[in-house]
Structure formats: C-alpha cells, structure tokens
There are 2 protein chains.
Amino acid sequence: MRSGKVRSIELYDARKLIVEAAAVLDAEEVCLSESLNRYPSMDLLSLEALPGYDQSLRDGYAIGKGDARGKDSPAFRIVDEVPAGDTRKLSLAPGEAVRIMTGALVPDNTERVIPKERCRVAENTLEFDEELAWIGKNFIHGKGSELGRGECIVEKGRVIHAEQQILLAGVGYESVSLVRRPKLSFFCTGSELVSGPGENRAGKKFSANSHLLHGLIELNGALLLEEQTVKDDSAAVDRVMAAMFASDADIIISTGGMGPGKFDLVEDAFRRAGGKVLYNSLNMRPGKSTLFGTLGDTLFFGMPGPPPAVHLLFNELIRTAILALQGAESCSPQELNAFLTGAMPNGNGLARLKSAQLFFEDGRCLVRPAAGLDVANCYIYCPGDGKSLAAGDLVRVHMTASTQGCS
Amino acid sequence: MRSGKVRSIELYDARKLIVEAAAVLDAEEVCLSESLNRYPSMDLLSLEALPGYDQSLRDGYAIGKGDARGKDSPAFRIVDEVPAGDTRKLSLAPGEAVRIMTGALVPDNTERVIPKERCRVAENTLEFDEELAWIGKNFIHGKGSELGRGECIVEKGRVIHAEQQILLAGVGYESVSLVRRPKLSFFCTGSELVSGPGENRAGKKFSANSHLLHGLIELNGALLLEEQTVKDDSAAVDRVMAAMFASDADIIISTGGMGPGKFDLVEDAFRRAGGKVLYNSLNMRPGKSTLFGTLGDTLFFGMPGPPPAVHLLFNELIRTAILALQGAESCSPQELNAFLTGAMPNGNGLARLKSAQLFFEDGRCLVRPAAGLDVANCYIYCPGDGKSLAAGDLVRVHMTASTQGCS
C-alpha cells in the first residue's frame with residue numbers, strides 16, 4: 001500500500017527527469033578493440049595525419065618527375081623495389097622508376113604510380129602506353145588526405161562506430177578513454193514467483209523478468225551486478241534494497257509490488273531507505289504503475305510485474321538512464337513516422353504504447369500492430385486523444401533496442 | 001602472386017555458395033537468460049498452458065457464481081484472502097467473496113473479479129454498484145489464454161527475441177537447446193603493420209583490422225578464438241594457416257595479401273594447406289580481391305587489406321556465414337528500397353556498394369551517400385549497369401549489423 005502521494009507524469013517528461021538525474025560516470029581506459037558502441041569521455045582527436053605518408057594505391061611502378069611527357073612509350077630505368085613496410089625514403093631522378101607495392105611508401109619526387117597491369121617490363125626497363133596508363137589518377141594516397149592532425153574523430157557524447165575505430169586505430173590509438181558502463185542490479189518481488197519445474201503448481205509462476213532483464217541489460221551495453229528474488233514481505237524488501245543501495249550499483253531496478261494493493265511494498269520501502277521519488281505513475285498504458293527516484297547518485301526504477309510492461313519500460317526509460325550515465329547526447333529511443341496498415345484503437349485519455357511490426361515497402365515505412373505470438377520490433381505511440389487511427393494514417397513509432405541505429 | 005585460376009562471382013551468388021558450404025554447428029544447452037538473439041537447435045514448444053491457472057488481473061474481490069443479479073448493491077460475505085503465491089484451491093458458494101491480489105489463483109466457481117477501487121467494504125461485507133463494477137471485463141486471465149501446451153514458441157531457424165524469452169520462461173524453460181556460436185580466428189598479413197606508437201614511422205601502418213574484427217565478431221554474435229599478425233612471408237603465412245586450421249575454428253579470416261602482386265601470398269598458402277577455393281574474386285568494388293573456400297568443415301575468407309573493405313565484406317558475407325552456421329533461415333543483410341537524396345555515380349560494368357546514411361522522413365525512407373568523416377549506417381547497392389542514379393530514384397540499401405532488425 002502506498003503511503004506517499006501520487007506524482008503522475010507524461011512519458012516524454014519522465015525521460016527528461018531521468019536525464020537530469022543521471023550524473024555522467026567516471027572514465028576508464030579501454031583497449032580500442034573493446035570500444036565499439038561505447039561513449040568516449042572526451043573528444044577523440046587525430047594524433048597524426050592519416051595516412052602518415054604518401055602510400056601507393058596499387059602494385060605497380062612509381063615513376064620520377066620530369067620525364068619527357070607526350071611520348072608514346074616512355075622508357076624508365078627500374079632502380080629499386082619498395083615492398084609494403086619498407087621504411088627507406090628513396091628519391092627518384094627523372095627517368096627513374098621503382099617497383100612498388102600497395103600500401104608502400106612512395107619515394108620523393110614521384111610523379112605517379114602506374115598499376116602493373118598497364119606496364120611492360122623487360123629486364124630493368126619499364127614502358128607503358130600513355131593513353132592506357134593515364135586515367136586521371138596518380139594512384140597515390142596522399143599523406144593527411146583522410147585526416148589532419150588534431151581533427152576530431154569522435155565527439156564526446158557520440159557513440160563509437162566501426163568506421164571511427166578504423167580511423168582511431170590508423171592514427172595510433174591502442175586504447176581510448178571511455179565512460180565506464182553503468183552497473184545494474186535488480187530484484188524481482190512476488191511470493192508467487194518460483195524457478196525450477198519442481199516448485200510449480202497452480203498459484204505459482206515462473207519468474208520471467210529475471211531472464212528478460214539479463215538479456216536487455218547486456219543488449220543495451222550495461223553490466224549486471226547482482227540479482228535477487230524476494231517474497232512480498234516488507235522486511236525482505238527492505239533488506240534487499242539496503243544491500244543493493246550499499247553496493248556499487250548505478251541503477252537499481254525492481255519488478256512487481258508497484259500497484260495500490262496491500263502487498264505492493266516497493267515504494268514505501270524505497271522511501272524508508274531514504275530514496276527521493278521523482279514520479280510514481282506514468283500517464284500511459286502499459287507502464288502506468290511505475291516509479292523513478294534517486295538515492296544519492298543511484299537511480300531507482302520500480303517497475304510493474306508483467307514482463308511485457310518491463311520490456312517496454314526498459315526500452316523507453318531504463319535505456320535512457322543507461323545512455324545518460326554514459327554522457328550520450330541522444331538518450332531517447334529512436335522514433336520515426338510510419339503508415340498504419342489498418343485501423344487500430346486509440347482511446348480517450350491515457351496514452352498507450354502498442355507493440356508492433358515495422359517494415360519497409362517501396363521506400364515507405366509501414367507499421368502494423370502485433371497480435372498473438374507475433375514478434376514485434378517497435379511500439380506505436382497512441383496519444384489517447386480520442387482521434388481515430390485509420391489505415392494509411394501516419395503514426396509515431398518508437399524503435400526497440402534491437403532496431404536502434406536506423407537514423 | 002596467385003597461381004590458381006580466377007573464379008569471379010556476383011555478390012548474391014557468393015552468399016548462396018557460403019550458405020551451401022556452412023554445415024549447421026552442434027547444439028548446446030544454455031541458460032535461458034543467455035539466449036537472447038541466438039538460434040534454437042530445434043522448435044521450442046510450450047511445455048504447458050500459459051497462464052497455468054486462472055489468475056486475477058487486479059487487486060480486488062472474487063465473487064461467487066449464482067448471486068442475485070440485478071440488485072443495486074448486492075452484498076457478499078468475505079470469507080478469505082488469497083495473496084499472490086497462495087496455492088490453496090478455494091471454492092466459492094453463492095453470496096461468498098474472497099479478497100484477491102493481482103496474479104493470485106482465482107477460486108473455483110468465481111464469476112468475476114471486482115477491482116478494489118469499485119468496491120465498498122465494511123467488516124466482512126462487500127458491496128458494489130453494478131453499473132460501476134461491470135465494465136464488460138471479468139478481470140480474470142484465463143488458464144491457457146496466452147499459449148496452449150505444445151504450441152511452438154520459437155521455430156528452429158528463427159532468432160530468439162525478448163518477447164519469446166518471456167513466454168519460454170513463463171512455461172518453465174530454465175535452459176534451452178541452442179546451436180553453439182561459431183568460433184572465429186583471424187590473421188592480418190602485411191610487413192607494414194605495426195602496433196604501438198614506438199614502432200611507427202613512414203612506410204609502416206598501425207593495424208586497424210585487428211581492432212575492427214574484434215568488435216564485428218562480437219556484434220555479430222560469434223566468438224573470437226585467436227588472432228595473429230604475420231609478415232608478407234610465405235613460410236610465416238603457411239605456419240599460421242596450418243595452426244589455425246588445426247584448431248577448433250569454424251571460420252578463419254585473413255586480411256591483406258589478396259591482390260595479384262608478388263607479396264600476395266594468401267591464396268597459394270590456402271591451396272597448399274589443402275583448401276578448396278570456391279571463388280577468388282567478386283564482381284564488385286570494394287571487395288573485388290577476396291576469396292572464399294573450405295578446408296573440411298572450416299570456412300575460410302581471404303579479405304583484402306583496406307579496413308573499409310573488410311568492414312563491408314564482413315557485413316555482406318562473413319555475417320552470412322555466422323548466421324548459416326547457426327542454422328538461420330535468413331542469412332542475408334536486411335535490404336530495403338530508399339529514395340536517393342541526390343544524384344550519385346553508378347558506373348558501367350562493376351557493381352559497387354557505397355557507404356551511406358539511411359534516415360526516415362514522414363513515412364519515407366531516404367538515403368544519402370556518406371562523405372568525409374560521415375558515419376554510415378548502410379550501403380547503397382549500385383548495380384553498375386550504366387543507368388544514371390538521380391535524386392528521388394529508389395535504390396537498394398543493405399543494412400549493416402547495427403541496423404539489422406528493422407524488418
């Protein structure tokens with residue numbers, strides 16, 4: 001039974017409160033190999049020009065500047081060979097050429113590289129037909145042409161993508177300073193929860209939230225610290241809450257015990273523990289009975305019991321907290337507009353998120369509500385403003401963690 | 001230098017060859033908590049009905065069948081209380097009621113549950129106004145209403161989603177039989193490759209493929225077994241290949257050494273090791289110089305050296321192998337059609353995949369080629385058929401691993 005007063009809030013306002021409450025975590029130095037999809041603690045700048053030297057783009061021959069242009073088959077004398085990895089800085093005189101490999105250091109005074117398939121070589125003499133050999137490219141990847149020294153590769157607040165890992169590696173980063181991953185602990189309340197087939201009988205339920213949260217925590221880039229299952233017992237809920245708040249957890253999640261009933265103990269326990277409730281109801285279904293608060297720097301989410309509501313709220317709000325703690329600029333699930341494939345209920349009063357299937361056809365985004373055992377990949381936001389939702393209407397779609405990234 | 005003859009192939013045919021060559025890996029029993037985004041080794045059927053018993057959907061009162069209908073305020077005698085988790089199977093007589101909690105076992109002969117906020121209770125007497133209390137719902141989640149015993153929750157060949165984890169947990173799965181994750185080993189060839197800033201100078205390059213592959217392997221749900229960097233030395237390449245083929249690797253990847261040059265040693269080394277080359281050139285840029293073959297059950301991908309080409313080929317082909325080894329029904333990157341935001345070169349002859357940014361506007365899919373330091377989230381497939389590609393044209397887009405899931 002809840003003793004505190006109800007502070008009800010809209011979904012989008014809830015997200016703002018969460019972002020405001022989340023203090024960015026401290027930095028850690030991490031091997032570049034482990035940095036994909038993580039957030040840097042500072043702007044990551046280029047340590048040097050990329051490429052760091054003029055590189056050949058082909059296996060072929062580098063020819064010296066100053067040869068006679070316009071001849072049909074100019075002949076060059078091949079004076080050396082430069083494999084990739086050779087660090088000798090050669091210099092070419094007019095009429096000289098070197099055999100050179102892809103990626104190798106181009107000698108000083110090189111005019112251009114001629115790919116080997118366009119060359120004729122006999123002994124140490126190189127010839128080529130100018131019309132075939134000159135196609136408007138010098139086949140040299142010039143020093144600094146990709147990136148200048150000091151240019152920003154990844155801004156603070158942006159996630160590290162694979163292409164950026166390539167650039168960071170190229171300029172010599174072996175490790176990078178990242179915001180550490182948030183640590184989560186959770187407890188599932190409910191005297192009806194059992195695990196293990198032996199314990200099951202009418203009146204008991206297998207706990208699904210535990211399995212679900214394991215996967216969602218990992219999928220969203222956080223770390224699981226600890227999990228517990230507790231009965232609907234006030235002293236037991238107090239104990240697990242005290243233990244988790246005394247630990248290193250950045251986020252604590254509970255499931256169940258959030259309704260107005262006699263056995264809904266979570267909010268009172270959180271207040272007794274010293275927690276500050278920022279909201280304890282959402283103007284939305286599912287997910288109406290949910291709580292967010294802080295205790296020191298730790299964020300607390302009291303979630304309802306039904307696993308589909310936990311799944312939805314994780315996507316809409318806990319993911320926001322995980323991103324905000326890492327200093328992400330954008331902490332909301334990605335949203336887009338899509339055309340409804342058929343009419344659906346909207347409702348008058350409470351907003352609703354309906355699980356749905358987003359798909360694409362001929363350049364259009366389409367969405368249909370999920371039914372029965374359908375697997376959903378998004379939620380349709382129904383504003384609950386009483387307006388009918390008909391086939392062909394554009395509706396707002398929230399992507400789930402597994403579909404994020406389609407910007 | 002390549003001694004074998006060239007077998008060049010289209011991208012889509014390459015994928016078919018890879019799927020044909022991939023024998024589904026063996027099964028392993030895995031905790032349900034670790035099963036998200038993995039593939040079952042068999043159809044996963046419901047072990048029992050879900051829910052397993054008639055559950056109350058609200059905190060309130062279950063009333064017995066057979067009371068006098070139509071009265072304004074029928075009075076019921078409250079005879080007991082059923083909290084969630086209580087396994088006693090009560091039975092109600094006409095005129096009797098029990099206090100009941102959300103999720104609790106509904107007694108036999110219950111007509112319906114009345115939510116507590118619609119009830120008036122004094123001592124052990126329950127009253128309610130029929131007009132307020134009856135809103136067309138009995139607030140009972142009936143046994144088997146979600147899932148019947150024996151119904152298929154996840155088909156073999158389909159990936160396990162969070163909603164399905166919830167159902168699997170609900171019917172009592174604690175672990176599931178999954179196809180094991182493919183194990184990958186890779187080696188990067190190139191005498192120019194160094195790691196560590198002390199070793200860097202003109203002519204040398206930091207190895208980016210190693211960092212890149214770490215992340216891509218994990219992101220695509222495979223396991224990294226071993227990695228090596230080797231110089232452009234025939235004996236060294238032979239050695240690392242022999243060691244990796246003698247290990248438990250399901251997929252072996254090399255980078256570099258795939259061109260037609262004197263130091264391009266990978267194909268010959270693979271043939272000497274006993275490998276069977278299925279193709280050694282793709283009719284596509286980037287990624288033309290690439291090889292796929294088998295040695296026993298092990299799949300081998302010889303990839304070019306430039307990291308952007310490695311990134312692209314991982315997405316287009318190695319991901320296909322990772323999925324096929326897990327028995328996935330669909331092993332291709334997700335594709336969709338999107339409208340070009342501006343003209344772009346197509347080319348005449350060779351198909352091309354151009355990294356690009358996919359975004360959504362008013363229900364439409366739009367795509368623009370990436371430039372400079374832009375972060376891409378997809379590739380545009382340019383067929384290279386000489387037809388111009390203009391603003392507003394529908395083009396084929398291949399999503400990358402991080403954008404998969406938007407079906």
# chains A, B, ... in the order shown; residues from 1 in each chain; ligands from 1

$ residues_around --residues "segment 73-82 of chain A" --least-positions-apart "5" --cutoff "6 Å" --atoms "only C-alpha atoms" --output "PDB file with N, CA and C atoms, in the first residue's frame"
ATOM      1  N   GLY A  95      63.387   9.969 -65.197  1.00  0.00           N
ATOM      2  CA  GLY A  95      63.708   8.771 -65.958  1.00  0.00           C
ATOM      3  C   GLY A  95      63.877   7.533 -65.107  1.00  0.00           C
ATOM      4  N   GLU A  96      63.816   7.691 -63.774  1.00  0.00           N
ATOM      5  CA  GLU A  96      63.939   6.527 -62.898  1.00  0.00           C
ATOM      6  C   GLU A  96      62.556   6.047 -62.444  1.00  0.00           C
ATOM      7  N   ALA A  97      62.479   4.769 -62.130  1.00  0.00           N
ATOM      8  CA  ALA A  97      61.244   4.201 -61.580  1.00  0.00           C
ATOM      9  C   ALA A  97      61.622   3.175 -60.523  1.00  0.00           C
ATOM     10  N   VAL A  98      60.694   2.919 -59.598  1.00  0.00           N
ATOM     11  CA  VAL A  98      60.868   1.780 -58.682  1.00  0.00           C
ATOM     12  C   VAL A  98      59.614   0.919 -58.751  1.00  0.00           C
ATOM     13  N   ARG A  99      59.835  -0.352 -58.585  1.00  0.00           N
ATOM     14  CA  ARG A  99      58.721  -1.265 -58.415  1.00  0.00           C
ATOM     15  C   ARG A  99      58.143  -1.005 -57.014  1.00  0.00           C
ATOM     16  N   ILE A 100      56.825  -0.914 -56.884  1.00  0.00           N
ATOM     17  CA  ILE A 100      56.253  -0.556 -55.586  1.00  0.00           C
ATOM     18  C   ILE A 100      54.987  -1.379 -55.339  1.00  0.00           C
ATOM     19  N   ASN A 124      65.434  -4.369 -66.696  1.00  0.00           N
ATOM     20  CA  ASN A 124      65.219  -3.255 -65.771  1.00  0.00           C
ATOM     21  C   ASN A 124      64.595  -2.047 -66.449  1.00  0.00           C
ATOM     22  N   THR A 125      63.870  -2.309 -67.547  1.00  0.00           N
ATOM     23  CA  THR A 125      63.278  -1.194 -68.283  1.00  0.00           C
ATOM     24  C   THR A 125      61.756  -1.269 -68.214  1.00  0.00           C
ATOM     25  N   LEU A 126      61.160  -0.115 -67.930  1.00  0.00           N
ATOM     26  CA  LEU A 126      59.708  -0.023 -67.814  1.00  0.00           C
ATOM     27  C   LEU A 126      59.171   0.804 -68.974  1.00  0.00           C
ATOM     28  N   GLU A 127      58.155   0.282 -69.655  1.00  0.00           N
ATOM     29  CA  GLU A 127      57.465   1.060 -70.683  1.00  0.00           C
ATOM     30  C   GLU A 127      55.967   0.966 -70.465  1.00  0.00           C
ATOM     31  N   PHE A 128      55.240   1.958 -70.939  1.00  0.00           N
ATOM     32  CA  PHE A 128      53.769   1.904 -70.895  1.00  0.00           C
ATOM     33  C   PHE A 128      53.220   2.834 -71.962  1.00  0.00           C
ATOM     34  N   ASP A 129      51.962   2.579 -72.380  1.00  0.00           N
ATOM     35  CA  ASP A 129      51.285   3.459 -73.326  1.00  0.00           C
ATOM     36  C   ASP A 129      50.571   4.545 -72.535  1.00  0.00           C
TER      37      ASP A 129
END

$ select_by_dssp --residues "segment 28-246 of chain B" --states "strand (DSSP E or B)" --output "compact mmCIF listing (two decimals) with C-alpha atoms, in the first residue's frame"
# COMPACT_ATOMS: atom_id res chain seq x y z
CA GLU B 28 24.49 -26.83 -26.56
CA GLU B 29 22.22 -26.38 -23.55
CA VAL B 30 22.27 -22.72 -22.48
CA CYS B 31 20.61 -20.86 -19.60
CA PRO B 40 17.48 -22.78 -31.16
CA LEU B 44 10.90 -24.71 -28.85
CA LEU B 45 7.40 -25.81 -27.83
CA LEU B 50 0.15 -20.19 -20.15
CA GLN B 55 -5.22 -15.50 -12.49
CA SER B 56 -6.70 -12.34 -11.08
CA GLY B 60 -9.91 -6.69 -5.57
CA TYR B 61 -12.56 -9.28 -4.73
CA ALA B 62 -13.51 -12.53 -6.45
CA ILE B 63 -17.26 -13.10 -6.14
CA GLY B 64 -19.07 -16.45 -6.24
CA ALA B 75 -23.85 -7.79 -0.55
CA PHE B 76 -21.27 -10.56 -0.39
CA ARG B 77 -19.71 -12.16 2.65
CA ILE B 78 -15.89 -12.00 2.54
CA VAL B 79 -14.71 -15.45 3.61
CA ASP B 80 -10.96 -15.46 2.93
CA GLU B 81 -7.97 -13.68 1.37
CA VAL B 82 -5.82 -15.02 -1.50
CA SER B 91 -14.21 -22.69 -3.95
CA GLU B 96 -19.38 -15.53 -0.96
CA ALA B 97 -16.36 -13.46 -1.93
CA VAL B 98 -12.62 -13.52 -1.25
CA ARG B 99 -10.19 -10.69 -1.21
CA ILE B 100 -7.68 -11.41 -4.01
CA LEU B 105 -5.14 -18.05 -8.10
CA ASP B 108 -13.41 -22.31 -8.28
CA THR B 110 -15.74 -17.45 -9.30
CA GLU B 111 -17.98 -15.35 -11.51
CA ARG B 112 -15.52 -12.48 -11.84
CA VAL B 113 -13.09 -10.21 -10.01
CA ILE B 114 -14.19 -6.71 -8.98
CA PRO B 115 -11.28 -4.23 -8.75
CA ARG B 120 -17.27 -0.79 -0.66
CA VAL B 121 -16.14 -2.97 2.20
CA ALA B 122 -17.36 -2.86 5.81
CA THR B 125 -19.24 -7.42 3.88
CA LEU B 126 -18.59 -6.44 0.27
CA GLU B 127 -20.90 -4.17 -1.70
CA ILE B 140 -9.52 -12.98 -14.94
CA HIS B 141 -6.54 -14.04 -17.06
CA LEU B 147 -0.45 -20.25 -25.07
CA CYS B 152 5.50 -23.55 -30.96
CA ILE B 153 7.12 -20.52 -29.30
CA VAL B 154 10.27 -20.29 -31.45
CA SER B 175 17.61 -23.56 -20.26
CA VAL B 176 17.19 -24.10 -23.99
CA SER B 177 19.00 -26.10 -26.64
CA LEU B 178 20.78 -23.64 -28.94
CA VAL B 179 23.13 -24.01 -31.86
CA LYS B 183 34.29 -19.64 -33.31
CA LEU B 184 36.41 -17.34 -35.48
CA SER B 185 40.15 -16.93 -35.78
CA PHE B 186 41.80 -14.29 -37.91
CA PHE B 187 45.23 -13.23 -39.07
CA CYS B 188 46.31 -9.92 -40.56
CA THR B 189 49.09 -10.07 -43.13
CA LEU B 193 51.73 -3.45 -39.98
CA VAL B 194 52.89 -2.31 -36.58
CA LYS B 205 50.97 1.42 -40.62
CA PHE B 206 49.04 0.77 -37.48
CA LEU B 223 33.28 -15.89 -30.57
CA LEU B 224 36.89 -14.85 -31.19
CA LEU B 225 39.21 -17.81 -30.78
CA GLU B 226 42.64 -16.49 -31.83
CA GLU B 227 44.29 -13.66 -33.72
CA GLN B 228 47.74 -13.21 -35.28
CA THR B 229 49.64 -10.63 -37.32
CA VAL B 230 52.12 -12.01 -39.87

$ closest_atom_pairs --of "chain B" --to "chain A" --cutoff "7 Å" --atoms "only C-alpha atoms" --output "JSON lines"
{"residue": "B:Leu32", "atom": "CA", "partner": "A:His211", "partner_atom": "CA", "distance": 6.3}
{"residue": "B:Ser33", "atom": "CA", "partner": "A:His211", "partner_atom": "CA", "distance": 4.2}
{"residue": "B:Glu34", "atom": "CA", "partner": "A:Gly215", "partner_atom": "CA", "distance": 6.5}
{"residue": "B:Leu36", "atom": "CA", "partner": "A:Gly215", "partner_atom": "CA", "distance": 5.8}
{"residue": "B:Gly52", "atom": "CA", "partner": "A:Ala202", "partner_atom": "CA", "distance": 6.5}
{"residue": "B:Tyr53", "atom": "CA", "partner": "A:Ala202", "partner_atom": "CA", "distance": 5.5}
{"residue": "B:Asp59", "atom": "CA", "partner": "A:Gly261", "partner_atom": "CA", "distance": 6.1}
{"residue": "B:Ala84", "atom": "CA", "partner": "A:Glu192", "partner_atom": "CA", "distance": 5.2}
{"residue": "B:Gly85", "atom": "CA", "partner": "A:Glu192", "partner_atom": "CA", "distance": 3.3}
{"residue": "B:Asp86", "atom": "CA", "partner": "A:Gly203", "partner_atom": "CA", "distance": 5.6}
{"residue": "B:Thr87", "atom": "CA", "partner": "A:Gly203", "partner_atom": "CA", "distance": 4.6}
{"residue": "B:Ala104", "atom": "CA", "partner": "A:Gly203", "partner_atom": "CA", "distance": 5.9}
{"residue": "B:Leu105", "atom": "CA", "partner": "A:Gly203", "partner_atom": "CA", "distance": 4.7}
{"residue": "B:Ala162", "atom": "CA", "partner": "A:Leu212", "partner_atom": "CA", "distance": 6.4}
{"residue": "B:Glu163", "atom": "CA", "partner": "A:Val375", "partner_atom": "CA", "distance": 6.9}
{"residue": "B:Gln165", "atom": "CA", "partner": "A:Leu212", "partner_atom": "CA", "distance": 6.4}
{"residue": "B:Ile166", "atom": "CA", "partner": "A:Ala208", "partner_atom": "CA", "distance": 5.3}
{"residue": "B:Ala169", "atom": "CA", "partner": "A:Ala208", "partner_atom": "CA", "distance": 4.9}
{"residue": "B:Gly170", "atom": "CA", "partner": "A:Phe206", "partner_atom": "CA", "distance": 5.4}
{"residue": "B:Gly172", "atom": "CA", "partner": "A:Phe206", "partner_atom": "CA", "distance": 6.1}
{"residue": "B:Ser191", "atom": "CA", "partner": "A:Gly85", "partner_atom": "CA", "distance": 4.9}
{"residue": "B:Glu192", "atom": "CA", "partner": "A:Gly85", "partner_atom": "CA", "distance": 3.3}
{"residue": "B:Leu193", "atom": "CA", "partner": "A:Gly85", "partner_atom": "CA", "distance": 7.0}
{"residue": "B:Pro197", "atom": "CA", "partner": "A:Gly172", "partner_atom": "CA", "distance": 6.1}
{"residue": "B:Ala202", "atom": "CA", "partner": "A:Tyr53", "partner_atom": "CA", "distance": 5.5}
{"residue": "B:Gly203", "atom": "CA", "partner": "A:Thr87", "partner_atom": "CA", "distance": 4.6}
{"residue": "B:Lys204", "atom": "CA", "partner": "A:Gly85", "partner_atom": "CA", "distance": 5.1}
{"residue": "B:Phe206", "atom": "CA", "partner": "A:Gly170", "partner_atom": "CA", "distance": 5.4}
{"residue": "B:Ser207", "atom": "CA", "partner": "A:Ala169", "partner_atom": "CA", "distance": 6.7}
{"residue": "B:Ala208", "atom": "CA", "partner": "A:Ala169", "partner_atom": "CA", "distance": 4.9}
{"residue": "B:His211", "atom": "CA", "partner": "A:Ser33", "partner_atom": "CA", "distance": 4.2}
{"residue": "B:Leu212", "atom": "CA", "partner": "A:Ala162", "partner_atom": "CA", "distance": 6.4}
{"residue": "B:His214", "atom": "CA", "partner": "A:Ser33", "partner_atom": "CA", "distance": 5.6}
{"residue": "B:Gly215", "atom": "CA", "partner": "A:Leu36", "partner_atom": "CA", "distance": 5.8}
{"residue": "B:Gly261", "atom": "CA", "partner": "A:Asp59", "partner_atom": "CA", "distance": 6.1}
{"residue": "B:Pro307", "atom": "CA", "partner": "A:Ile166", "partner_atom": "CA", "distance": 6.6}
{"residue": "B:Leu336", "atom": "CA", "partner": "A:Phe360", "partner_atom": "CA", "distance": 6.4}
{"residue": "B:Asn337", "atom": "CA", "partner": "A:Gly363", "partner_atom": "CA", "distance": 5.0}
{"residue": "B:Ala338", "atom": "CA", "partner": "A:Gly363", "partner_atom": "CA", "distance": 4.5}
{"residue": "B:Phe339", "atom": "CA", "partner": "A:Gly363", "partner_atom": "CA", "distance": 6.2}
{"residue": "B:Leu358", "atom": "CA", "partner": "A:Ser407", "partner_atom": "CA", "distance": 6.3}
{"residue": "B:Phe359", "atom": "CA", "partner": "A:Ser407", "partner_atom": "CA", "distance": 4.9}
{"residue": "B:Phe360", "atom": "CA", "partner": "A:Leu336", "partner_atom": "CA", "distance": 6.4}
{"residue": "B:Asp362", "atom": "CA", "partner": "A:Asn337", "partner_atom": "CA", "distance": 5.5}
{"residue": "B:Gly363", "atom": "CA", "partner": "A:Ala338", "partner_atom": "CA", "distance": 4.4}
{"residue": "B:Arg364", "atom": "CA", "partner": "A:Arg364", "partner_atom": "CA", "distance": 4.5}
{"residue": "B:Cys365", "atom": "CA", "partner": "A:Gly363", "partner_atom": "CA", "distance": 5.0}
{"residue": "B:Val375", "atom": "CA", "partner": "A:Glu163", "partner_atom": "CA", "distance": 6.9}
{"residue": "B:Asn377", "atom": "CA", "partner": "A:Cys406", "partner_atom": "CA", "distance": 6.9}
{"residue": "B:Leu394", "atom": "CA", "partner": "A:Gly363", "partner_atom": "CA", "distance": 6.9}
{"residue": "B:Ser402", "atom": "CA", "partner": "A:Gly405", "partner_atom": "CA", "distance": 6.0}
{"residue": "B:Thr403", "atom": "CA", "partner": "A:Gly405", "partner_atom": "CA", "distance": 5.0}
{"residue": "B:Gln404", "atom": "CA", "partner": "A:Thr403", "partner_atom": "CA", "distance": 6.5}
{"residue": "B:Gly405", "atom": "CA", "partner": "A:Thr403", "partner_atom": "CA", "distance": 5.0}
{"residue": "B:Cys406", "atom": "CA", "partner": "A:Thr403", "partner_atom": "CA", "distance": 5.4}
{"residue": "B:Ser407", "atom": "CA", "partner": "A:Phe359", "partner_atom": "CA", "distance": 4.9}

$ residues_around --residues "segment 316-320 of chain B" --least-positions-apart "3" --cutoff "8 Å" --atoms "only C-alpha atoms" --output "JSON, numbers by chain"
{"B": [14, 15, 18, 19, 220, 301, 312, 313, 323, 324, 331, 332, 333]}

$ closest_residue --among "B:Asn283, B:Ala27, B:Ala246, B:Arg158" --to "Tyr12 of chain B" --atoms "only C-alpha atoms"
B:Asn283

$ closest_residue --among "B:Leu265, B:Met284, B:Leu299, B:Leu389" --to "Phe245 of chain B" --atoms "only C-alpha atoms"
B:Leu299

$ closest_residue --among "B:Leu17, B:Ala22, B:Ala343, B:Leu90" --to "Ile251 of chain B" --atoms "only C-alpha atoms"
B:Ala22

$ atom_distance --atom1 "atom CA of Ala242 of chain A" --atom2 "atom CA of Gly293 of chain A"
14.9 Å

$ residues_around --residues "segment 383-388 of chain B" --least-positions-apart "4" --cutoff "6 Å" --atoms "only C-alpha atoms" --output "ChimeraX atom specification"
/B:346-351

$ write_last_selection --atoms "N, CA and C atoms" --output "PDB file, in the first residue's frame"
ATOM      1  N   ASN B 346      26.995   5.778 -60.836  1.00  0.00           N
ATOM      2  CA  ASN B 346      26.628   4.367 -60.840  1.00  0.00           C
ATOM      3  C   ASN B 346      27.790   3.549 -61.398  1.00  0.00           C
ATOM      4  N   GLY B 347      28.280   3.938 -62.561  1.00  0.00           N
ATOM      5  CA  GLY B 347      29.370   3.170 -63.165  1.00  0.00           C
ATOM      6  C   GLY B 347      28.829   2.182 -64.175  1.00  0.00           C
ATOM      7  N   ASN B 348      29.684   1.753 -65.006  1.00  0.00           N
ATOM      8  CA  ASN B 348      29.296   0.846 -66.078  1.00  0.00           C
ATOM      9  C   ASN B 348      30.203  -0.365 -66.014  1.00  0.00           C
ATOM     10  N   GLY B 349      29.660  -1.489 -65.583  1.00  0.00           N
ATOM     11  CA  GLY B 349      30.476  -2.698 -65.513  1.00  0.00           C
ATOM     12  C   GLY B 349      30.381  -3.314 -64.143  1.00  0.00           C
ATOM     13  N   LEU B 350      31.204  -2.840 -63.221  1.00  0.00           N
ATOM     14  CA  LEU B 350      31.299  -3.460 -61.912  1.00  0.00           C
ATOM     15  C   LEU B 350      30.266  -2.879 -60.942  1.00  0.00           C
ATOM     16  N   ALA B 351      29.559  -3.767 -60.214  1.00  0.00           N
ATOM     17  CA  ALA B 351      28.658  -3.285 -59.155  1.00  0.00           C
ATOM     18  C   ALA B 351      29.486  -2.660 -58.043  1.00  0.00           C
TER      19      ALA B 351
END

$ select_by_dssp --residues "segment 200-404 of chain B" --states "alpha helix (DSSP H)" --output "VMD selection string"
chain B and resid 209 to 219 234 to 245 266 to 272 307 to 313 319 to 325
